[in-house]
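Structure, as structure tokens:
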Amino acid sequence: MAGRSLTCTETTWHTCPTLAYVPESSQPAPTTSDNAREPVYSERLWVPWWWWPAGLFVAGLLAAEVHMGSPGIRQWLPYVLLFPFPVWLLLWVSRQRVEVYGGPNPELRVGRAHLPLSVVSRTAAIPPSAKSAALGRQLDPAAFVQNKSWVKDTVLIVLEDPEDPTPYWLVSTRRPAELLAAIGRGTSASG
């Protein structure tokens with residue numbers, strides 16, 4: 001029985017009427033999980049550096065207000081409880097990732113959203129001067145928008161998928177040229 005494994009001849013186990021021995025060489029190769037693939041492009045949209053001291057200053061100010069010269073536990077407990085909060089909040093706000101994966105099924109990932117690159121028809125970099133118009137009066141309500149206000153640049157990714165009602169994606173990025181190159185569709189100027 002070496003080189004053989006017990007597999008079902010049907011597609012699912014609950015409908016499998018019989019078991020058959022199938023040589024391991026004829027079984028499909030195990031697919032690598034998406035988490036094991038290395039991204040071609042990866043960017044984390046961190047908040048600006050000056051938000052960190054501002055957040056810690058506000059937490060310290062609130063802790064000092066609670067403390068106000070009180071003895072005992074109220075002297076140090078507000079600082080212990082309030083200083084981790086802005087750190088957690090700023091890390092949570094900065095959790096957004098923009099990634100492009102290559103391989104047999106190339107895709108763009110923005111947070112939890114996935115877009116196969118096979119449905120991308122064209123792309124464009126939107127300059128900061130046109131960002132408010134793209135997110136305002138020109139915005140299609142069916143578009144997928146991932147906007148971070150502290151990131152100036154945005155990328156437009158137009159889709160050509162008859163099964164998807166989403167006409168395009170608007171994605172914030174600090175490196176639009178690199179993102180467009182990673183998508184493999186080149187860059188074009190946006191008017």
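Following the order of the structure tokens, first chain is A, next is B, and so on, with residues numbered from 1 inside each chain and ligands from 1 in the order they appear.
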Determine, for each residue of segment 64-135 of chain A having at least one atom at most 10 Å from an atom of segment 173-177 of chain A, the closest pair of atoms and their separation in Å to one decimal, counting only C-alpha atoms; order by chain and ascending number, as a Markdown table.
| residue | atom | partner | partner_atom | distance |
| --- | --- | --- | --- | --- |
| A:Arg97 | CA | A:Thr173 | CA | 9.5 |
| A:Val98 | CA | A:Thr173 | CA | 7.7 |
| A:Ala124 | CA | A:Pro176 | CA | 8.7 |
| A:Ala125 | CA | A:Pro176 | CA | 6.1 |
| A:Ile126 | CA | A:Pro176 | CA | 8.5 |
| A:Pro127 | CA | A:Pro176 | CA | 9.4 |
May I have all residues of segment 128-180 of chain A that DSSP, computed from the backbone, assigns to strand (DSSP E or B), given as a list in words?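 Checking each residue of segment 128-180 of chain A, the strand (DSSP E or B) ones are Phe144, Val145, Gln146, Thr154, Val155, Leu156, Ile157, Val158, Leu159, Tyr168, Trp169, Leu170, Val171 and Ser172 of chain A.
Shortest separation to Gly184 of chain A among A:Leu62, A:Leu91, A:Val40, A:Ala143 occurs at residue A:Val40, atoms counted being only C-alpha atoms.
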Ser118 of chain A: which residues within 10 Å, counting only C-alpha atoms, same-chain residues fewer than 2 positions away excluded, as a PyMOL selection string? chain A and resi 105-107+115-116+120-121+159-161
Glu38 of chain A environment, 10 Å, only C-alpha atoms, sequence neighbours closer than 5 positions dropped, as an NGL selection string: :A and (99-103)
Between atom CA of Val119 of chain A and atom CA of Ala133 of chain A, measure the distance and give it in Å to one decimal. 25.0 Å
Close residues, Ala142 of chain A itself excluded, 9 Å, only C-alpha atoms, min 5 positions apart in chain, as a ChimeraX atom specification: /A:165-168
Produce a file of the selected residues containing N, CA, C and O atoms, as a PDB file, in the first residue's frame.
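Result file follows (part_13.pdb):
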ATOM      1  N   PRO A 165     -21.288  44.426 -10.341  1.00  0.00           N
ATOM      2  CA  PRO A 165     -21.863  45.749 -10.576  1.00  0.00           C
ATOM      3  C   PRO A 165     -20.914  46.897 -10.223  1.00  0.00           C
ATOM      4  O   PRO A 165     -21.222  48.053 -10.496  1.00  0.00           O
ATOM      5  N   THR A 166     -19.757  46.581  -9.647  1.00  0.00           N
ATOM      6  CA  THR A 166     -18.802  47.617  -9.266  1.00  0.00           C
ATOM      7  C   THR A 166     -18.056  48.109 -10.503  1.00  0.00           C
ATOM      8  O   THR A 166     -17.353  47.336 -11.146  1.00  0.00           O
ATOM      9  N   PRO A 167     -18.182  49.401 -10.847  1.00  0.00           N
ATOM     10  CA  PRO A 167     -17.513  49.891 -12.059  1.00  0.00           C
ATOM     11  C   PRO A 167     -16.013  50.111 -11.875  1.00  0.00           C
ATOM     12  O   PRO A 167     -15.246  49.918 -12.808  1.00  0.00           O
ATOM     13  N   TYR A 168     -15.605  50.531 -10.679  1.00  0.00           N
ATOM     14  CA  TYR A 168     -14.185  50.805 -10.444  1.00  0.00           C
ATOM     15  C   TYR A 168     -13.901  50.808  -8.955  1.00  0.00           C
ATOM     16  O   TYR A 168     -14.807  50.849  -8.127  1.00  0.00           O
TER      17      TYR A 168
END
Go through A:Lys131, A:Arg112, A:Arg95, A:Arg137 and flag the residue nearest Trp46 of chain A, using only C-alpha atoms for the distances.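 Smallest distance to Trp46 of chain A is found for A:Arg95.
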I need the residues of segment 48-159 of chain A that end up classed as alpha helix (DSSP H) by DSSP on the backbone, written out as a VMD selection string. chain A and resid 51 to 67 73 to 82 84 to 93 128 to 135
Residue nearest Val110 of chain A among A:Ser132, A:Gln138, A:Gln96, A:Ser70 (counting only C-alpha atoms): A:Gln96
Atom-to-atom span, atom CA of Lys152 of chain A and atom CA of Leu117 of chain A, Å: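 Distance reported for this atom pair: 24.1 Å.
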Near-Leu82 of chain A list (8 Å; only C-alpha atoms; drop same-chain fewer than 2 positions) as a VMD selection string: chain A and resid 59 to 60 62 to 63 78 to 80 84 to 86
Which residues, written as a short mmCIF file (atom, residue, chain, number, x, y, z; two decimals) with N, CA and C atoms, in the first residue's frame, have at least one atom at most 12 Å from Ser149 of chain A, with only C-alpha atoms counted and residues fewer than 2 positions away on the same chain left out?
data_model
loop_
_atom_site.label_atom_id
_atom_site.label_comp_id
_atom_site.auth_asym_id
_atom_site.auth_seq_id
_atom_site.Cartn_x
_atom_site.Cartn_y
_atom_site.Cartn_z
N LEU A 45 -0.95 51.39 5.31
CA LEU A 45 -1.29 52.82 5.34
C LEU A 45 -1.28 53.33 6.78
N TRP A 46 -0.06 53.59 7.26
CA TRP A 46 0.13 54.09 8.62
C TRP A 46 -0.39 55.52 8.73
N VAL A 47 -0.80 55.88 9.94
CA VAL A 47 -1.17 57.27 10.21
C VAL A 47 0.10 58.10 10.23
N PRO A 48 0.00 59.43 10.06
CA PRO A 48 1.20 60.26 10.11
C PRO A 48 1.90 60.16 11.47
N VAL A 93 -6.35 51.97 13.43
CA VAL A 93 -6.63 52.81 12.27
C VAL A 93 -5.61 52.56 11.17
N SER A 94 -4.40 52.17 11.53
CA SER A 94 -3.33 51.92 10.56
C SER A 94 -3.28 50.48 10.07
N PRO A 128 -3.41 64.47 -5.99
CA PRO A 128 -4.09 65.03 -4.81
C PRO A 128 -5.05 66.17 -5.14
N LYS A 131 -8.42 64.60 -6.08
CA LYS A 131 -8.97 63.59 -5.17
C LYS A 131 -10.35 63.97 -4.65
N SER A 132 -10.55 65.22 -4.29
CA SER A 132 -11.85 65.63 -3.75
C SER A 132 -12.95 65.50 -4.80
N LEU A 135 -13.78 61.77 -5.22
CA LEU A 135 -14.54 61.24 -4.09
C LEU A 135 -15.84 61.99 -3.85
N VAL A 145 -14.67 52.06 -2.56
CA VAL A 145 -13.79 53.15 -2.15
C VAL A 145 -13.08 52.76 -0.86
N GLN A 146 -11.79 52.84 -0.89
CA GLN A 146 -10.96 52.67 0.30
C GLN A 146 -10.14 53.93 0.40
N ASN A 147 -10.63 54.89 1.20
CA ASN A 147 -9.99 56.19 1.30
C ASN A 147 -9.48 56.41 2.71
N VAL A 151 -3.74 60.05 3.56
CA VAL A 151 -2.97 59.66 2.38
C VAL A 151 -3.41 60.52 1.21
N LYS A 152 -2.49 61.24 0.60
CA LYS A 152 -2.84 62.21 -0.44
C LYS A 152 -3.17 61.59 -1.78
N ASP A 153 -2.45 60.55 -2.18
CA ASP A 153 -2.61 59.98 -3.51
C ASP A 153 -3.67 58.88 -3.53
N THR A 154 -4.30 58.75 -4.68
CA THR A 154 -5.33 57.74 -4.90
C THR A 154 -5.12 57.10 -6.26
N VAL A 171 -8.54 53.56 -4.50
CA VAL A 171 -7.71 53.05 -3.41
C VAL A 171 -6.67 54.08 -3.04
N SER A 172 -6.58 54.41 -1.76
CA SER A 172 -5.53 55.31 -1.28
C SER A 172 -4.19 54.58 -1.26
N THR A 173 -3.14 55.28 -1.67
CA THR A 173 -1.80 54.71 -1.66
C THR A 173 -0.78 55.84 -1.58
N ARG A 174 0.33 55.58 -0.93
CA ARG A 174 1.41 56.57 -0.89
C ARG A 174 2.36 56.41 -2.07
#
